[in-house]
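Visitor: Sharing coords_15.cif here; it has mmCIF, C-alpha atoms.
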```
data_upload
loop_
_atom_site.label_atom_id
_atom_site.label_comp_id
_atom_site.auth_asym_id
_atom_site.auth_seq_id
_atom_site.Cartn_x
_atom_site.Cartn_y
_atom_site.Cartn_z
CA MET F 1 -150.04 -91.30 28.31
CA LYS F 2 -152.97 -89.09 27.39
CA LYS F 3 -154.42 -89.33 23.92
CA ILE F 4 -154.51 -86.02 22.05
CA LYS F 5 -158.32 -86.28 21.74
CA SER F 6 -158.61 -86.32 25.53
CA ILE F 7 -156.64 -83.07 25.90
CA PRO F 8 -158.69 -79.85 26.04
CA ASN F 9 -158.40 -77.82 22.82
CA PHE F 10 -156.61 -74.93 24.54
CA ASP F 11 -153.85 -77.26 25.79
CA ARG F 12 -153.21 -79.16 22.57
CA PRO F 13 -149.72 -78.59 21.09
CA ARG F 14 -150.66 -76.31 18.20
CA GLU F 15 -153.07 -74.23 20.24
CA LYS F 16 -150.55 -74.06 23.08
CA MET F 17 -147.84 -72.89 20.69
CA GLU F 18 -150.13 -70.22 19.27
CA LYS F 19 -150.95 -68.82 22.70
CA LYS F 20 -147.68 -69.34 24.60
CA GLY F 21 -144.97 -69.74 21.94
CA ALA F 22 -142.79 -72.70 20.95
CA LYS F 23 -140.65 -72.46 24.11
CA ALA F 24 -143.66 -73.44 26.22
CA LEU F 25 -143.89 -76.84 24.53
CA SER F 26 -142.19 -79.99 25.77
CA ASP F 27 -139.96 -82.05 23.46
CA LEU F 28 -142.85 -84.47 22.98
CA GLU F 29 -145.26 -81.66 22.08
CA LEU F 30 -142.83 -80.13 19.58
CA LEU F 31 -142.54 -83.49 17.83
CA ALA F 32 -146.32 -83.83 17.83
CA VAL F 33 -146.59 -80.46 16.05
CA LEU F 34 -144.04 -81.59 13.46
CA LEU F 35 -145.85 -84.87 12.87
CA GLY F 36 -149.31 -83.33 12.67
CA SER F 37 -151.14 -86.61 13.19
CA GLY F 38 -150.71 -90.23 14.12
CA ILE F 39 -152.04 -93.27 12.33
CA LYS F 40 -155.00 -95.56 12.86
CA GLY F 41 -154.51 -97.26 16.20
CA LYS F 42 -151.54 -95.08 17.19
CA ASP F 43 -151.97 -91.56 18.51
CA VAL F 44 -149.60 -88.76 17.45
CA PHE F 45 -148.15 -88.65 20.98
CA GLU F 46 -147.34 -92.35 20.83
CA VAL F 47 -145.50 -91.87 17.54
CA ALA F 48 -143.72 -88.80 18.96
CA ARG F 49 -142.67 -90.76 22.05
CA ASP F 50 -140.98 -93.43 19.89
CA ILE F 51 -139.13 -90.76 17.91
CA LEU F 52 -138.05 -88.99 21.10
CA LYS F 53 -136.68 -92.25 22.49
CA LEU F 54 -134.62 -92.76 19.31
CA ALA F 55 -133.38 -89.16 19.42
CA LYS F 56 -132.25 -89.50 23.03
CA GLU F 57 -130.39 -92.71 22.25
CA ASP F 58 -128.46 -91.41 19.23
CA PHE F 59 -129.48 -87.96 17.99
CA ASN F 60 -126.46 -87.53 15.67
CA ASN F 61 -127.44 -90.62 13.70
CA LEU F 62 -131.10 -89.73 13.32
CA ASN F 63 -131.86 -90.24 9.63
CA LEU F 64 -134.59 -91.17 7.16
CA ASP F 65 -133.94 -94.90 7.41
CA ASN F 66 -134.17 -95.30 11.17
CA LEU F 67 -137.11 -92.90 11.41
CA LYS F 68 -139.03 -94.88 8.79
CA ASN F 69 -138.55 -97.99 10.93
CA ILE F 70 -140.84 -96.43 13.54
CA GLU F 71 -144.47 -97.45 13.17
CA GLY F 72 -146.43 -94.41 12.10
CA VAL F 73 -143.53 -92.62 10.42
CA GLY F 74 -143.52 -92.85 6.66
CA LEU F 75 -141.20 -91.13 4.23
CA ALA F 76 -143.09 -87.82 4.33
CA LYS F 77 -142.96 -87.48 8.12
CA ALA F 78 -139.37 -88.69 8.29
CA CYS F 79 -138.42 -86.03 5.72
CA GLN F 80 -140.21 -83.34 7.74
CA ILE F 81 -138.24 -84.21 10.87
CA VAL F 82 -134.84 -84.50 9.16
CA ALA F 83 -135.46 -81.26 7.24
CA ALA F 84 -136.39 -79.43 10.47
CA ILE F 85 -133.21 -80.66 12.18
CA GLU F 86 -130.98 -79.70 9.24
CA PHE F 87 -132.62 -76.28 8.86
CA SER F 88 -132.03 -75.54 12.55
CA LYS F 89 -128.44 -76.76 12.45
CA ARG F 90 -127.57 -74.52 9.52
CA PHE F 91 -128.74 -71.37 11.22
CA LEU F 92 -127.41 -72.25 14.67
CA ILE F 93 -123.97 -73.11 13.26
CA LYS F 94 -123.65 -70.13 10.93
CA GLU F 95 -124.58 -67.34 13.34
CA GLY F 96 -121.44 -65.35 14.13
CA LEU F 97 -119.08 -68.32 14.03
CA LYS F 98 -115.45 -67.66 13.14
CA ILE F 99 -113.09 -70.44 12.14
CA LYS F 100 -109.67 -69.33 13.36
CA ASN F 101 -107.90 -72.64 13.98
CA VAL F 102 -108.23 -76.43 14.02
CA ASP F 103 -109.94 -76.38 17.43
CA ASP F 104 -112.78 -74.31 15.98
CA VAL F 105 -113.22 -76.88 13.21
CA LEU F 106 -113.15 -79.79 15.65
CA ARG F 107 -115.88 -78.21 17.77
CA ILE F 108 -118.38 -78.06 14.92
CA THR F 109 -117.51 -81.47 13.45
CA GLU F 110 -117.29 -83.38 16.72
CA GLU F 111 -120.11 -85.70 15.68
CA LEU F 112 -117.83 -87.33 13.09
CA LYS F 113 -115.57 -88.93 15.70
CA ASP F 114 -117.98 -91.77 16.45
CA LYS F 115 -119.38 -92.35 12.97
CA LYS F 116 -119.14 -95.90 11.65
CA GLN F 117 -118.84 -94.71 8.04
CA GLU F 118 -116.60 -92.10 6.47
CA TYR F 119 -118.17 -88.66 6.13
CA PHE F 120 -116.59 -85.96 3.94
CA LEU F 121 -117.56 -82.39 4.86
CA SER F 122 -116.80 -78.97 3.45
CA LEU F 123 -116.81 -75.71 5.42
CA THR F 124 -116.99 -72.56 3.30
CA LEU F 125 -115.66 -69.31 4.77
CA ASP F 126 -115.84 -65.64 3.88
CA GLY F 127 -112.82 -63.33 3.78
CA ALA F 128 -113.08 -62.68 7.53
CA SER F 129 -113.03 -66.43 8.34
CA ASN F 130 -116.74 -66.52 9.21
CA LEU F 131 -118.45 -69.81 8.49
CA ILE F 132 -120.82 -69.54 5.54
CA GLN F 133 -121.96 -73.13 5.24
CA LYS F 134 -121.17 -76.60 6.55
CA ARG F 135 -122.04 -79.37 4.10
CA THR F 136 -121.87 -83.14 4.03
CA VAL F 137 -120.39 -83.73 0.58
CA PHE F 138 -120.73 -87.51 0.67
CA ILE F 139 -120.82 -90.56 2.92
CA GLY F 140 -118.68 -93.60 2.14
CA THR F 141 -115.13 -94.66 1.42
CA LEU F 142 -112.97 -91.83 0.10
CA ASN F 143 -111.92 -92.42 -3.51
CA HIS F 144 -111.52 -90.58 -6.80
CA SER F 145 -114.83 -91.79 -8.21
CA ILE F 146 -116.83 -90.18 -5.39
CA VAL F 147 -115.04 -86.87 -4.83
CA HIS F 148 -115.95 -84.50 -7.66
CA PRO F 149 -114.07 -81.18 -7.24
CA ARG F 150 -116.40 -79.43 -9.70
CA GLU F 151 -119.45 -80.17 -7.55
CA ILE F 152 -117.67 -79.24 -4.32
CA PHE F 153 -116.42 -75.92 -5.65
CA ALA F 154 -119.71 -75.16 -7.42
CA ASP F 155 -121.30 -74.87 -3.97
CA ALA F 156 -118.37 -72.80 -2.71
CA ILE F 157 -118.68 -70.44 -5.67
CA THR F 158 -122.42 -70.08 -5.00
CA ASP F 159 -121.52 -69.16 -1.40
CA ARG F 160 -119.06 -66.53 -2.72
CA ALA F 161 -116.53 -68.19 -0.43
CA ALA F 162 -112.99 -66.91 -0.03
CA GLY F 163 -111.76 -70.15 1.52
CA ILE F 164 -112.77 -73.73 2.14
CA ILE F 165 -111.84 -76.39 4.70
CA PHE F 166 -112.37 -80.09 4.14
CA VAL F 167 -112.98 -82.52 6.99
CA HIS F 168 -113.42 -86.25 6.95
CA ASN F 169 -113.29 -89.01 9.53
CA HIS F 170 -111.47 -92.32 9.79
CA PRO F 171 -113.72 -94.81 11.64
CA SER F 172 -110.65 -97.05 12.18
CA GLY F 173 -109.22 -94.50 14.61
CA ASP F 174 -105.99 -94.04 12.61
CA VAL F 175 -105.72 -90.41 11.49
CA GLU F 176 -102.72 -90.82 9.19
CA PRO F 177 -103.74 -89.87 5.62
CA SER F 178 -103.99 -92.68 3.09
CA LYS F 179 -102.56 -92.43 -0.42
CA GLU F 180 -106.10 -91.63 -1.63
CA ASP F 181 -106.45 -88.86 0.99
CA ILE F 182 -103.23 -87.23 -0.20
CA GLU F 183 -104.06 -87.50 -3.91
CA ILE F 184 -107.57 -86.13 -3.47
CA THR F 185 -106.28 -83.24 -1.36
CA LYS F 186 -103.79 -82.33 -4.09
CA ARG F 187 -106.60 -82.28 -6.67
CA LEU F 188 -108.77 -80.10 -4.47
CA VAL F 189 -105.95 -77.64 -3.84
CA GLU F 190 -105.30 -77.39 -7.59
CA VAL F 191 -108.96 -76.77 -8.39
CA GLY F 192 -109.12 -74.21 -5.58
CA LYS F 193 -106.27 -72.28 -7.18
CA ILE F 194 -108.02 -72.31 -10.55
CA VAL F 195 -111.35 -70.99 -9.20
CA GLY F 196 -109.76 -68.57 -6.73
CA ILE F 197 -110.94 -70.22 -3.51
CA GLU F 198 -108.18 -71.06 -1.06
CA VAL F 199 -108.10 -74.56 0.41
CA ILE F 200 -107.22 -73.59 3.97
CA ASP F 201 -106.95 -77.09 5.40
CA HIS F 202 -108.00 -80.71 5.12
CA ILE F 203 -108.50 -82.30 8.52
CA ILE F 204 -108.86 -85.99 9.25
CA ILE F 205 -110.49 -86.75 12.58
CA SER F 206 -111.20 -89.85 14.65
CA LYS F 207 -111.90 -90.78 18.25
CA ASN F 208 -108.11 -90.89 18.75
CA GLY F 209 -107.23 -87.41 17.51
CA TYR F 210 -106.81 -85.51 14.26
CA TYR F 211 -104.44 -84.84 11.37
CA SER F 212 -104.18 -81.39 9.76
CA PHE F 213 -102.74 -81.18 6.26
CA GLN F 214 -102.03 -77.49 6.84
CA ALA F 215 -100.17 -78.07 10.11
CA GLU F 216 -98.13 -80.83 8.52
CA GLU F 217 -97.36 -78.59 5.52
CA MET F 218 -99.00 -81.05 3.16
CA LEU F 219 -101.09 -78.60 1.13
CA LYS F 220 -98.23 -77.31 -1.07
CA LYS F 221 -100.25 -74.32 -2.32
CA ASP F 222 -97.32 -72.44 -3.81
CA GLU F 223 -95.97 -75.09 -6.16
#
```
Starting from the file, lay out its structure as structure tokens.
Guide:
Amino acid sequence: MKKIKSIPNFDRPREKMEKKGAKALSDLELLAVLLGSGIKGKDVFEVARDILKLAKEDFNNLNLDNLKNIEGVGLAKACQIVAAIEFSKRFLIKEGLKIKNVDDVLRITEELKDKKQEYFLSLTLDGASNLIQKRTVFIGTLNHSIVHPREIFADAITDRAAGIIFVHNHPSGDVEPSKEDIEITKRLVEVGKIVGIEVIDHIIISKNGYYSFQAEEMLKKDE
């Protein structure tokens, strides 16, 4: 692999991007631009190559911890990469996306099926069922001490959302709701009624399928 110092100035990633645009850059070159520089004894392309290898192996689980394990990637560079990924995801997901049914939800939360931990997500929608924002509310076992309806709905209120859908995964593969799942859903529905944001559904997903509280008539909004 060529060292960046051996590449003519006009063909270096930043200069190439300036002249030809980002689309002209390879995956490796894009990462090199994000990183900016390497470290003593390790060129920026060598660091980028290690990150690219990790991304190809398991892009959905790319995070600060496993990036920081790469020689040449400290907290600052790891944050730059994760922030760039999240920023892109938010705009790519939001653009013109309607959530009309469970299948639409499953398509944009597919990454949860293979997670080894529980992830709890919220999807805020406008009055026309367009996705406003997809958020990871927390990671870990679902229980009352972690789920704070005030914080969840504070974000939804900021979004001026008309409705909200909750999604979480069961790494065990069993999609049947636990007692905790049912109790937390009831609390969220009640808070939704108070703040005027409809809880449209709570969906549990796993590699073996899904469970929809709405489809199973478990939301009990009118009581």
Visitor: Up to 12 Å from (-101.2, -84.3, -3.6) in the file's coordinates: name the residues, counting only C-alpha atoms, as a PDB file with C-alpha atoms, keeping the file's coordinate frame.
Guide:
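Written output follows (point.pdb):
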```pdb
ATOM      1  CA  PRO F 177    -103.740 -89.870   5.620  1.00  0.00           C
ATOM      2  CA  SER F 178    -103.990 -92.680   3.090  1.00  0.00           C
ATOM      3  CA  LYS F 179    -102.560 -92.430  -0.420  1.00  0.00           C
ATOM      4  CA  GLU F 180    -106.100 -91.630  -1.630  1.00  0.00           C
ATOM      5  CA  ASP F 181    -106.450 -88.860   0.990  1.00  0.00           C
ATOM      6  CA  ILE F 182    -103.230 -87.230  -0.200  1.00  0.00           C
ATOM      7  CA  GLU F 183    -104.060 -87.500  -3.910  1.00  0.00           C
ATOM      8  CA  ILE F 184    -107.570 -86.130  -3.470  1.00  0.00           C
ATOM      9  CA  THR F 185    -106.280 -83.240  -1.360  1.00  0.00           C
ATOM     10  CA  LYS F 186    -103.790 -82.330  -4.090  1.00  0.00           C
ATOM     11  CA  ARG F 187    -106.600 -82.280  -6.670  1.00  0.00           C
ATOM     12  CA  LEU F 188    -108.770 -80.100  -4.470  1.00  0.00           C
ATOM     13  CA  VAL F 189    -105.950 -77.640  -3.840  1.00  0.00           C
ATOM     14  CA  GLU F 190    -105.300 -77.390  -7.590  1.00  0.00           C
ATOM     15  CA  VAL F 191    -108.960 -76.770  -8.390  1.00  0.00           C
ATOM     16  CA  HIS F 202    -108.000 -80.710   5.120  1.00  0.00           C
ATOM     17  CA  PHE F 213    -102.740 -81.180   6.260  1.00  0.00           C
ATOM     18  CA  GLU F 217     -97.360 -78.590   5.520  1.00  0.00           C
ATOM     19  CA  MET F 218     -99.000 -81.050   3.160  1.00  0.00           C
ATOM     20  CA  LEU F 219    -101.090 -78.600   1.130  1.00  0.00           C
ATOM     21  CA  LYS F 220     -98.230 -77.310  -1.070  1.00  0.00           C
ATOM     22  CA  LYS F 221    -100.250 -74.320  -2.320  1.00  0.00           C
ATOM     23  CA  GLU F 223     -95.970 -75.090  -6.160  1.00  0.00           C
TER      24      GLU F 223
END
```
Visitor: Given the PyMOL selection byres ((chain F and resi 104) around 12) and the file above, list the residues it selects as a list in words.
Guide: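 With the PyMOL selection byres ((chain F and resi 104) around 12) on this model, the match is Ile93, Leu97, Lys98, Ile99, Lys100, Asn101, Val102, Asp103, Val105, Leu106, Arg107, Ile108, Thr109, Glu110, Leu123, Ser129, Asn130, Leu131, Ile165 and Ile203 of chain F.
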Visitor: Hey, which of F:Ala24, F:Leu35, F:Ala156, F:Ile205 ends up closest to Leu75 (chain F)? Count all atoms listed in the file.
Guide: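 Of the candidates, the smallest distance to Leu75 (chain F) is held by F:Leu35.
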Visitor: Separation of CA of Lys40 (chain F) and CA of Glu71 (chain F), in Å?
Guide: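 Between CA of Lys40 (chain F) and CA of Glu71 (chain F) the gap is 10.7 Å.
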Visitor: If you measure from CA of Glu86 (chain F) to CA of Asp174 (chain F), what distance in Å do you get, rounded to one decimal?
Guide: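 Interatomic distance here is 29.0 Å.
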Visitor: Go ahead and compute the interatomic distance for CA of Lys42 (chain F) and CA of Leu30 (chain F), in Å to one decimal.
Guide: 17.5 Å
Visitor: Between F:Glu176, F:Glu151, F:Asp126, F:Asp65, single out the one closest to Tyr210 (chain F), counting all atoms listed in the file.
Guide: F:Glu176
Visitor: At a cut-off of 12 Å, can you tabulate as CSV every residue of region 104-163 of chain F near region 45-59 of chain F together with its closest atom pair and the distance in Å to one decimal, using all atoms listed in the file and ordering rows by chain then number?
Guide:
```
residue,atom,partner,partner_atom,distance
F:Glu111,CA,F:Phe59,CA,9.9
F:Asp114,CA,F:Asp58,CA,10.8
F:Lys115,CA,F:Asp58,CA,11.1
```
Visitor: Pick out the closest residue to Ala128 (chain F) from this set: F:Gly38, F:Pro149, F:Gly140, F:Gly163. Count all atoms listed in the file.
Guide: F:Gly163
Visitor: F:Leu125, F:Gln133, F:Thr141, F:Lys113: which is nearest Gly209 (chain F), counting all atoms listed in the file?
Guide: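 Comparing F:Leu125, F:Gln133, F:Thr141, F:Lys113 against Gly209 (chain F), the winner is F:Lys113.
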Visitor: May I ask which of the residues F:Leu34, F:Leu28, F:Leu67, F:Ala154 is the closest one to Thr124 (chain F), counting all atoms listed in the file?
Guide: F:Ala154
Visitor: If the PyMOL selection byres ((chain F and resi 170) around 7) is run on the structure shown, which residues does it catch, given as a VMD selection string?
Guide: chain F and resid 118 168 to 169 171 to 175 204 to 206
Visitor: So, with all atoms listed in the file as the atoms that count, which of F:Lys77, F:Glu29, F:Ala83, F:Ile194 lies closest to Lys16 (chain F)?
Guide: F:Glu29
Visitor: Starting from the incomplete input, reconstruct N, CA and C atoms of region 42-57 of chain F and report them as an mmCIF file, in the coordinates of the input.
Guide:
```cif
data_model
loop_
_atom_site.group_PDB
_atom_site.id
_atom_site.type_symbol
_atom_site.label_atom_id
_atom_site.label_comp_id
_atom_site.auth_asym_id
_atom_site.auth_seq_id
_atom_site.Cartn_x
_atom_site.Cartn_y
_atom_site.Cartn_z
ATOM 1 N N LYS F 42 -152.711 -95.624 16.494
ATOM 2 C CA LYS F 42 -151.540 -95.080 17.190
ATOM 3 C C LYS F 42 -151.616 -93.565 17.184
ATOM 4 N N ASP F 43 -151.825 -93.002 18.349
ATOM 5 C CA ASP F 43 -151.970 -91.560 18.510
ATOM 6 C C ASP F 43 -150.671 -90.837 18.177
ATOM 7 N N VAL F 44 -150.781 -89.553 17.805
ATOM 8 C CA VAL F 44 -149.600 -88.760 17.450
ATOM 9 C C VAL F 44 -148.585 -88.701 18.591
ATOM 10 N N PHE F 45 -149.069 -88.677 19.837
ATOM 11 C CA PHE F 45 -148.150 -88.650 20.980
ATOM 12 C C PHE F 45 -147.371 -89.954 21.113
ATOM 13 N N GLU F 46 -148.016 -91.052 20.761
ATOM 14 C CA GLU F 46 -147.340 -92.350 20.830
ATOM 15 C C GLU F 46 -146.230 -92.423 19.778
ATOM 16 N N VAL F 47 -146.517 -91.910 18.587
ATOM 17 C CA VAL F 47 -145.500 -91.870 17.540
ATOM 18 C C VAL F 47 -144.351 -90.943 17.971
ATOM 19 N N ALA F 48 -144.720 -89.776 18.506
ATOM 20 C CA ALA F 48 -143.720 -88.800 18.960
ATOM 21 C C ALA F 48 -142.836 -89.383 20.064
ATOM 22 N N ARG F 49 -143.436 -90.156 20.951
ATOM 23 C CA ARG F 49 -142.670 -90.760 22.050
ATOM 24 C C ARG F 49 -141.603 -91.717 21.511
ATOM 25 N N ASP F 50 -141.951 -92.501 20.476
ATOM 26 C CA ASP F 50 -140.980 -93.430 19.890
ATOM 27 C C ASP F 50 -139.832 -92.681 19.211
ATOM 28 N N ILE F 51 -140.175 -91.567 18.550
ATOM 29 C CA ILE F 51 -139.130 -90.760 17.910
ATOM 30 C C ILE F 51 -138.229 -90.125 18.948
ATOM 31 N N LEU F 52 -138.828 -89.624 20.024
ATOM 32 C CA LEU F 52 -138.050 -88.990 21.100
ATOM 33 C C LEU F 52 -137.093 -89.987 21.740
ATOM 34 N N LYS F 53 -137.538 -91.206 21.915
ATOM 35 C CA LYS F 53 -136.680 -92.250 22.490
ATOM 36 C C LYS F 53 -135.467 -92.488 21.587
ATOM 37 N N LEU F 54 -135.707 -92.568 20.273
ATOM 38 C CA LEU F 54 -134.620 -92.760 19.310
ATOM 39 C C LEU F 54 -133.661 -91.578 19.339
ATOM 40 N N ALA F 55 -134.217 -90.370 19.408
ATOM 41 C CA ALA F 55 -133.380 -89.160 19.420
ATOM 42 C C ALA F 55 -132.489 -89.113 20.657
ATOM 43 N N LYS F 56 -133.031 -89.514 21.787
ATOM 44 C CA LYS F 56 -132.250 -89.500 23.030
ATOM 45 C C LYS F 56 -131.140 -90.545 23.019
ATOM 46 N N GLU F 57 -131.386 -91.638 22.331
ATOM 47 C CA GLU F 57 -130.390 -92.710 22.250
ATOM 48 C C GLU F 57 -129.226 -92.336 21.337
#
```
